[in-house]
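Participant: Quick one: the structure is below, questions incoming.
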Amino acid sequence: MDRATLDYRSFLVGWAVLLALWAFLSYIAGIPEYLLASPSRVGTYIQENGDTVGMAVWLTGSQAVVGWLAAVVLGLVSGTIIFQMSWARRALLPVVIATQTTPIIALAPLITLWFGYGWLAKAVISCVVAVFPVVMATYSGLADAKPTYIHLFKLAGASELSIFWNVRLKCAWSALIPALKTSVVLAVIGSVVAEFMGGNRGLGFLIMVATYGTKSDILLTSVIMSALLGQVFLLVLEYATKPFEKRFGQPH
Amino acid sequence: MTPSNPLVRAMGVTHYYGELKVVDGVNLSVQPGESVGIISPSGSGKSTLLRLLLGLERPSEGEASLLVAPSAVGVVFQEDSLLPWLNVAQNLCLLNELHKKPVDEGRRNRLLKTYGLADFTRYYPSQLSGGMKQKVALCRLLLYAPHLYALDESMANIDDLSRFSLCDALRSRIIQDNSSILFVTHNLTDAVHLADRVLVGTSRPLRLTEDFVNPLPRRRDYQARFTRDFQEAVERLRIWIGQH
């Protein structure tokens with residue numbers, strides 16, 4: 001059976017089904033506009049407030065991308081340290097797990113306190129939410145390198161550094177590719193949640209405003225844009241990693 | 001080298017995984033130009049013994065010595081011998097590249113053609129069958145031409161014709177280069193085809209109980225498989241294994 005992956009066809013079909021269901025609930029089932037804004041009302045809102053929505057998408061998206069990139073770098077480095085040094089495994093792993101078991105709603109005010117209410121704090125929150133899968137995938141990918149590959153290089157007199165670079169890191173790709181995809185979606189969630197905490201821009205902020213004002217059109221617009229952001233990032237990663245999956249993506 | 005200068009030597013090698021004894025007091029040596037097979041039931045600890053002999057694991061007791069440089073050894077494991085991120089062409093030249101030994105292009109092309117791999121050079125291991133992967137791994141060894149060929153059930157998935165041909169190629173190579181083969185298998189006919197000596201082992205923990213000297217001529221090809229001597233040798237081995 002094929003692995004479940006997102007491609008542009010399933011992306012379009014998924015949204016078409018959602019749109020059809022939404023239209024049915026709005027126009028045929030007759031759910032009132034204050035509970036579920038109709039597609040046409042949301043369309044009108046986006047048309048009339050294109051700049052606001054566009055800026056919110058740009059802000060949330062850029063925070064998520066920067067947060068995700070930071071999470072990838074941080075995850076690769078800390079996963080490698082955790083793998084290489086047993087003392088680091090004992091010391092760092094509980095810290096990494098603690099950042100995940102503590103709700104981000106509780107951590108976010110602290111991060112805001114340290115980094116302010118601006119863009120940086122939100123990228124940091126996004127990074128904290130997204131880093132865990134990368135750390136664990138790096139660690140387990142490095143640790144699970146097939147002994148036979150390592151034996152081949154050992155018999156060739158390869159150094160530990162060469163084995164790490166030429167074998168372990170490449171073996172880690174099979175675990176890393178799905179982790180990067182999970183991580184990018186988490187980064188978008190982190191970015192939106194971070195905007196709940198403060199500031200006056202972004203999709204998270206729009207969601208807060210819409211919630212207080214019971215504006216279902218703004219709420220739905222923000223939710224759709226958040227979902228689209230995550231899916232577009234995931235789609236880009238799916239296509240970007242496809243050439244590598246043939247080589248690295250097979251379970252070792 | 002003389003018979004006193006083996007490539008591999010084991011003296012009283014015993015190995016445990018935790019409480020489980022997998023290898024029990026093994027003594028053996030492999031001389032230059034010699035092909036030695038170890039045959040025993042599946043799961044008896046043959047692969048473990050091979051790793052111990054190659055210095056990839058340290059025995060719990062006794063001494064296992066690889067008396068040539070590790071770079072003189074070419075190994076094919078039962079599975080996962082090919083690096084999944086390299087295509088067939090790259091995997092084929094891997095040992096040469098690791099040891100910085102120039103690739104003999106003529107030999108490379110002959111191997112690809114002989115074993116039906118010429119159309120698959122750009123394929124990755126995940127796109128090949130188990131038998132094709134093993135053929136690539138064995139061709140890699142034949143291309144690199146080490147002093148010691150270490151084979152761990154390396155022909156288990158290969159079709160008969162290719163297997164016979166690979167056994168012939170390996171035997172020709174050791175006669176030509178005075179190189180050696182140390183292999184483990186549970187296939188009686190491959191053992192008799194490939195080995196000068198077959199060491200018969202017990203089920204776990206692995207003990208080597210018989211040293212069978214192959215009566216067939218040193219220069220032989222797959223047609224020897226269809227002779228009475230070959231069948232008798234196989235039968236003798238079968239009886240010995242059955243006794244343990």
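In the structure tokens, each chain is lettered A, B, ... as it comes, each chain's residues begin at 1, and ligands are numbered from 1 in order of appearance.
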With 6 Å as the cut-off and only C-alpha atoms counted, what is the closest atom pair between each nearby residue of chain B and chain A? Distances in Å to one decimal, ordered by chain and number, as a tab-separated table.
Facilitator:
```
residue	atom	partner	partner_atom	distance
B:Pro70	CA	A:Leu155	CA	4.9
B:Ser71	CA	A:Ala156	CA	5.0
B:Pro84	CA	A:Arg247	CA	5.7
B:Trp85	CA	A:Arg247	CA	4.3
```
Participant: Quick one: residues within 8 Å of Val75 of chain B, only C-alpha atoms, excluding same-chain residues fewer than 5 positions away - as a CSV table (one decimal) with C-alpha atoms, in the first residue's frame?
Facilitator:
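Generated file (result-v4.csv):
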```
chain,number,residue,atom,x,y,z
A,152,LEU,CA,31.4,-1.7,5.5
B,141,LEU,CA,33.4,-7.7,-4.4
B,149,TYR,CA,36.0,-12.6,0.5
B,150,ALA,CA,33.7,-12.8,3.5
B,151,LEU,CA,30.2,-13.9,2.5
B,152,ASP,CA,27.3,-14.1,4.9
```
Participant: Need the shell around segment 34-50 of chain B: protein/DNA/RNA residues with any atom at most 6 Å away, counting only C-alpha atoms. Skip same-chain ones fewer than 2 positions apart. Format as a list in words?
Facilitator: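 So the residues in contact are Val22, Gln31, Pro32, Leu52, Leu53, Ser180, Ile181, Leu182, Phe183, Val184, Thr185, His186, Ala195, Asp196, Arg197, Val198, Leu199, Val200, Gly201, Thr202, Ser203, Arg204 and Leu206 of chain B.
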Participant: Find the residues near segment 224-227 of chain B: any atom within 10 Å, counting only C-alpha atoms, skip ones fewer than 6 places away on the same chain, and give them as a PyMOL selection string.
Facilitator: chain B and resi 164+189-190+192-193+216-217+234
Participant: Do you know which residues are at most 9 Å from segment 99-108 of chain B counting only C-alpha atoms, after dropping those on the same chain fewer than 2 positions away, and could you put them as a list in words?
Facilitator: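 Residues near the query, excluding close chain neighbours: Ala156 and Gly157 of chain A; Ser71, Leu92, Cys93, Leu94, Leu95, Asn96, Glu97, Arg110, Leu111, Leu112, Lys113, Cys139, Arg140, Leu142, Leu143 and Tyr144 of chain B.
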Participant: Generate the output file for the selected residues, C-alpha atoms, as a CSV table (one decimal), in the first residue's frame.
Facilitator:
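File produced: again.csv:
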```csv
chain,number,residue,atom,x,y,z
A,156,ALA,CA,37.5,0.3,4.9
A,157,GLY,CA,39.3,1.9,7.9
B,71,SER,CA,41.1,-3.1,3.7
B,92,LEU,CA,29.3,-1.2,-7.4
B,93,CYS,CA,32.3,1.0,-7.1
B,94,LEU,CA,31.9,1.8,-3.4
B,95,LEU,CA,34.7,-0.5,-2.1
B,96,ASN,CA,37.1,0.8,-4.8
B,97,GLU,CA,36.3,4.3,-3.8
B,110,ARG,CA,31.6,-7.4,-18.0
B,111,LEU,CA,30.2,-7.9,-14.5
B,112,LEU,CA,27.2,-5.7,-15.2
B,113,LYS,CA,26.5,-7.6,-18.5
B,139,CYS,CA,29.8,-8.0,-8.2
B,140,ARG,CA,31.1,-5.2,-6.0
B,142,LEU,CA,34.5,-9.2,-7.7
B,143,LEU,CA,35.2,-5.7,-9.0
B,144,TYR,CA,37.3,-4.8,-5.9
```
Participant: Mind giving me the straight-line distance from atom CA of Asn178 of chain B to atom CA of Leu237 of chain B in Å, one decimal?
Facilitator: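 Between atom CA of Asn178 of chain B and atom CA of Leu237 of chain B the gap works out to 26.2 Å.
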Participant: Name all residues at most 9 Å from Pro215 of chain B (count only C-alpha atoms; drop same-chain ones fewer than 2 positions away) and give them as a list in words.
Facilitator: Asp196, Phe212, Val213, Pro217, Arg218, Asp229, Phe230 and Ala233 of chain B
Participant: Output N, CA and C atoms of each residue in that selection to a file, as an mmCIF file, in the first residue's frame.
Facilitator:
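Below you can see out.cif, which holds the result:
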```
data_model
loop_
_atom_site.group_PDB
_atom_site.id
_atom_site.type_symbol
_atom_site.label_atom_id
_atom_site.label_comp_id
_atom_site.auth_asym_id
_atom_site.auth_seq_id
_atom_site.Cartn_x
_atom_site.Cartn_y
_atom_site.Cartn_z
ATOM 1 N N ASP B 196 36.726 -25.325 -0.407
ATOM 2 C CA ASP B 196 37.740 -26.379 -0.375
ATOM 3 C C ASP B 196 37.553 -27.210 0.895
ATOM 4 N N PHE B 212 35.229 -30.976 6.799
ATOM 5 C CA PHE B 212 35.048 -31.776 5.583
ATOM 6 C C PHE B 212 35.943 -31.228 4.471
ATOM 7 N N VAL B 213 36.892 -32.053 4.015
ATOM 8 C CA VAL B 213 37.772 -31.623 2.917
ATOM 9 C C VAL B 213 37.115 -32.036 1.609
ATOM 10 N N PRO B 217 37.921 -31.604 -7.666
ATOM 11 C CA PRO B 217 39.135 -30.904 -8.122
ATOM 12 C C PRO B 217 39.069 -29.413 -7.781
ATOM 13 N N ARG B 218 40.253 -28.841 -7.526
ATOM 14 C CA ARG B 218 40.301 -27.419 -7.137
ATOM 15 C C ARG B 218 39.757 -26.520 -8.262
ATOM 16 N N ASP B 229 30.432 -37.424 -7.823
ATOM 17 C CA ASP B 229 31.270 -37.015 -6.680
ATOM 18 C C ASP B 229 30.616 -35.863 -5.912
ATOM 19 N N PHE B 230 30.078 -34.925 -6.677
ATOM 20 C CA PHE B 230 29.440 -33.768 -6.057
ATOM 21 C C PHE B 230 28.239 -34.203 -5.214
ATOM 22 N N ALA B 233 29.341 -35.872 -2.106
ATOM 23 C CA ALA B 233 29.848 -34.908 -1.116
ATOM 24 C C ALA B 233 28.687 -34.224 -0.399
#
```
Participant: Determine the nearest neighbour of Leu237 of chain A from the options A:Thr182, A:Val42, A:Tyr34, A:Leu110, counting only C-alpha atoms.
Facilitator: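 Among the listed residues, the smallest separation from Leu237 of chain A belongs to A:Thr182.
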Participant: Identify, with DSSP run on backbone atoms, the residues in segment 23-138 of chain B assigned to helix (DSSP H, G or I), and express the list as a VMD selection string.
Facilitator: chain B and resid 46 to 53 70 to 72 88 to 92 94 to 98 105 to 114 118 to 120 125 to 127 130 to 138
Participant: Just the number, please: distance in Å from atom CA of Ala64 of chain A to atom CA of Pro178 of chain A, one decimal.
Facilitator: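 One can read the atom CA of Ala64 of chain A to atom CA of Pro178 of chain A distance as 17.6 Å.
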Participant: When distances are computed from only C-alpha atoms, which of A:Leu36, A:Leu69, A:Ala227, A:Ala106 shows the smallest separation from Val192 of chain A?
Facilitator: A:Ala227
Participant: From the list A:Val129, A:Ala16, A:Ala175, A:Leu25, which residue is nearest Gly190 of chain A when using only C-alpha atoms?
Facilitator: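 Using only C-alpha atoms, the shortest distance to Gly190 of chain A belongs to A:Val129.
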Participant: Enumerate as a VMD selection string all residues of segment 19-215 of chain B assigned to strand (DSSP E or B) by DSSP on the backbone, naming them with the chain letters and numbers the document uses.
Facilitator: chain B and resid 20 to 30 35 to 39 61 to 66 73 to 76 148 to 152 180 to 185 197 to 201 206 208 to 213
Participant: Please report the interatomic distance between atom CA of Leu234 of chain A and atom CA of Leu180 of chain A in Å with one decimal.
Facilitator: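 Going from atom CA of Leu234 of chain A over to atom CA of Leu180 of chain A covers 9.1 Å.
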Participant: Would you please work out which residue, of B:Ser60, B:Ser65, B:Ser129, B:Asn91, is nearest to Leu28 of chain B when using only C-alpha atoms?
Facilitator: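 The answer is B:Ser65, which sits nearest to Leu28 of chain B.
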Participant: Name the closest residue to Pro146 of chain B among the candidates B:Lys21, B:Leu7, B:Asn27, B:Arg220; distances are taken between atoms, counting only C-alpha atoms.
Facilitator: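 Ranked by minimum distance to Pro146 of chain B, first place goes to B:Leu7.
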